[in-house]
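**Student:** What follows is upload38.cif, made up of mmCIF, C-alpha atoms:
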data_target
loop_
_atom_site.group_PDB
_atom_site.id
_atom_site.type_symbol
_atom_site.label_atom_id
_atom_site.label_comp_id
_atom_site.auth_asym_id
_atom_site.auth_seq_id
_atom_site.Cartn_x
_atom_site.Cartn_y
_atom_site.Cartn_z
ATOM 1 C CA MET A 1 108.906 73.425 298.235
ATOM 2 C CA TYR A 2 107.289 71.834 295.215
ATOM 3 C CA THR A 3 105.521 73.360 292.221
ATOM 4 C CA LEU A 4 102.078 72.106 291.156
ATOM 5 C CA LEU A 5 100.466 72.605 287.745
ATOM 6 C CA ILE A 6 96.677 72.286 287.487
ATOM 7 C CA ALA A 7 95.433 71.883 283.899
ATOM 8 C CA ASP A 8 91.693 72.025 283.236
ATOM 9 C CA ASP A 9 89.675 73.743 280.534
ATOM 10 C CA GLU A 10 86.986 74.796 282.997
ATOM 11 C CA ARG A 11 88.062 77.903 284.865
ATOM 12 C CA ALA A 12 85.846 77.217 287.884
ATOM 13 C CA VAL A 13 87.414 73.772 288.322
ATOM 14 C CA ARG A 14 90.991 75.060 287.929
ATOM 15 C CA GLU A 15 90.523 77.883 290.365
ATOM 16 C CA GLY A 16 88.406 75.805 292.728
ATOM 17 C CA ILE A 17 91.092 73.149 293.068
ATOM 18 C CA SER A 18 93.806 75.770 293.444
ATOM 19 C CA LYS A 19 91.944 77.480 296.293
ATOM 20 C CA SER A 20 90.463 74.441 298.033
ATOM 21 C CA VAL A 21 93.672 73.175 299.617
ATOM 22 C CA CYS A 22 96.252 74.902 301.757
ATOM 23 C CA TRP A 23 99.039 73.796 299.436
ATOM 24 C CA SER A 24 101.853 75.155 301.591
ATOM 25 C CA ASP A 25 100.805 72.774 304.378
ATOM 26 C CA ILE A 26 101.766 69.853 302.119
ATOM 27 C CA GLY A 27 104.977 71.339 300.757
ATOM 28 C CA ILE A 28 103.709 73.038 297.599
ATOM 29 C CA GLY A 29 104.989 76.569 297.253
ATOM 30 C CA ARG A 30 103.697 77.477 293.783
ATOM 31 C CA VAL A 31 100.470 76.574 292.010
ATOM 32 C CA LEU A 32 100.391 77.184 288.263
ATOM 33 C CA LEU A 33 97.227 77.053 286.145
ATOM 34 C CA ALA A 34 96.676 76.060 282.501
ATOM 35 C CA ALA A 35 93.469 76.292 280.468
ATOM 36 C CA ASN A 36 94.288 73.508 278.004
ATOM 37 C CA GLY A 37 96.837 70.819 277.246
ATOM 38 C CA LYS A 38 98.971 72.961 274.951
ATOM 39 C CA GLU A 39 99.238 75.695 277.556
ATOM 40 C CA ALA A 40 100.070 73.053 280.175
ATOM 41 C CA TYR A 41 102.784 71.601 277.939
ATOM 42 C CA ASN A 42 104.386 75.019 277.446
ATOM 43 C CA ILE A 43 104.311 75.643 281.196
ATOM 44 C CA ILE A 44 105.879 72.232 281.836
ATOM 45 C CA LEU A 45 108.727 73.026 279.428
ATOM 46 C CA LYS A 46 109.328 76.438 280.998
ATOM 47 C CA GLU A 47 108.640 75.877 284.699
ATOM 48 C CA HIS A 48 109.350 72.142 285.226
ATOM 49 C CA PRO A 49 106.628 71.570 287.856
ATOM 50 C CA ASN A 50 107.080 68.668 290.240
ATOM 51 C CA ILE A 51 103.421 67.646 290.096
ATOM 52 C CA VAL A 52 100.877 67.924 287.264
ATOM 53 C CA LEU A 53 97.175 67.489 287.940
ATOM 54 C CA THR A 54 95.409 67.333 284.581
ATOM 55 C CA ASP A 55 91.921 66.910 283.232
ATOM 56 C CA ILE A 56 91.579 64.150 280.636
ATOM 57 C CA ILE A 57 89.199 65.838 278.194
ATOM 58 C CA MET A 58 90.496 69.259 277.155
ATOM 59 C CA PRO A 59 90.653 71.143 273.864
ATOM 60 C CA VAL A 60 93.825 71.461 271.788
ATOM 61 C CA LEU A 61 95.664 68.659 273.618
ATOM 62 C CA THR A 62 93.948 66.138 275.912
ATOM 63 C CA GLY A 63 95.363 65.149 279.271
ATOM 64 C CA ILE A 64 96.412 61.757 277.867
ATOM 65 C CA GLU A 65 98.131 63.400 274.886
ATOM 66 C CA LEU A 66 99.830 65.811 277.285
ATOM 67 C CA VAL A 67 101.249 62.977 279.372
ATOM 68 C CA GLU A 68 102.448 61.127 276.254
ATOM 69 C CA LYS A 69 104.048 64.255 274.813
ATOM 70 C CA VAL A 70 105.861 65.053 278.051
ATOM 71 C CA LYS A 71 106.999 61.445 278.444
ATOM 72 C CA ASN A 72 108.371 61.345 274.888
ATOM 73 C CA ASN A 73 110.097 64.734 275.005
ATOM 74 C CA MET A 74 111.611 64.946 278.460
#
Reformat the file's structure so that it appears as structure tokens.
**Tutor:**
Amino acid sequence: MYTLLIADDERAVREGISKSVCWSDIGIGRVLLAANGKEAYNIILKEHPNIVLTDIIMPVLTGIELVEKVKNNM
């Protein structure tokens, strides 16, 4: 089973996406949530999710900055 990280600064969006799909039906066993790019980055370092679904415009660290930071440090 895979782990999915959903990063979005809007709680309703994060939780809506996490609850709108039966993730286990497509092989995802854990769904992690992050409220901003920095939180997402820390979760990535700790949990090593297989899939990251990120918003582009977020406070602290944007989705683009998150992808660049992960790419440069992994």
**Student:** Please identify all polymer residues within 8 Å of Met58 in chain A, counting all atoms listed in the file, omitting same-chain residues fewer than 3 positions from it, and present them as an MDAnalysis selection string.
**Tutor:** chainID A and resid 8:9 36:37 55 61:63
**Student:** Can you spell out as an NGL selection string the set of residues that the PyMOL selection byres ((chain A and resi 67) around 12) selects in the structure I just provided?
**Tutor:** :A and (7 or 37-38 or 40-41 or 44 or 51-56 or 61-66 or 68-74)
**Student:** Within 12 Å of Asp25 in chain A, counting all atoms listed in the file, which residues show up once you throw out same-chain ones fewer than 4 positions away? Write them as a PyMOL selection string, please.
**Tutor:** chain A and resi 1-2+21+29-30
**Student:** Between A:Ala12, A:Ile17, A:Ile26, A:Leu5, single out the one closest to Asn50 in chain A, counting only C-alpha atoms.
**Tutor:**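 For Asn50 in chain A, the nearest of the candidates is A:Leu5.
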**Student:** Suppose you want the space between CA of Val13 in chain A and CA of Ala34 in chain A; what is it in Å?
**Tutor:**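 Computed distance, CA of Val13 in chain A to CA of Ala34 in chain A, equals 11.2 Å.
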**Student:** Just how far from CA of Thr3 in chain A is CA of Pro59 in chain A, in Å to one decimal?
**Tutor:**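 Calculated distance between CA of Pro59 in chain A and CA of Thr3 in chain A is 23.7 Å.
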**Student:** Counting only C-alpha atoms, write as a PDB file with C-alpha atoms, keeping the file's coordinate frame all protein and nucleic acid residues lying at most 7 Å from (94.5, 75.8, 285.5) in the file's frame.
**Tutor:**
ATOM      1  CA  ILE A   6      96.677  72.286 287.487  1.00  0.00           C
ATOM      2  CA  ALA A   7      95.433  71.883 283.899  1.00  0.00           C
ATOM      3  CA  ASP A   8      91.693  72.025 283.236  1.00  0.00           C
ATOM      4  CA  ARG A  11      88.062  77.903 284.865  1.00  0.00           C
ATOM      5  CA  ARG A  14      90.991  75.060 287.929  1.00  0.00           C
ATOM      6  CA  GLU A  15      90.523  77.883 290.365  1.00  0.00           C
ATOM      7  CA  LEU A  32     100.391  77.184 288.263  1.00  0.00           C
ATOM      8  CA  LEU A  33      97.227  77.053 286.145  1.00  0.00           C
ATOM      9  CA  ALA A  34      96.676  76.060 282.501  1.00  0.00           C
ATOM     10  CA  ALA A  35      93.469  76.292 280.468  1.00  0.00           C
TER      11      ALA A  35
END
**Student:** So how many Å separate CA of Ile43 in chain A and CA of Ser20 in chain A, to one decimal?
**Tutor:**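 Straight-line distance from CA of Ile43 in chain A to CA of Ser20 in chain A works out to 21.8 Å.
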**Student:** Provide an axis-aligned box for all listed atoms of range 21-28 of chain A, padding each side by 6 Å; report its centre and its edge lengths in Å to one decimal, as AutoDock Vina command-line options.
**Tutor:**
--center_x 99.3 --center_y 72.5 --center_z 301.0 --size_x 23.3 --size_y 17.3 --size_z 18.8
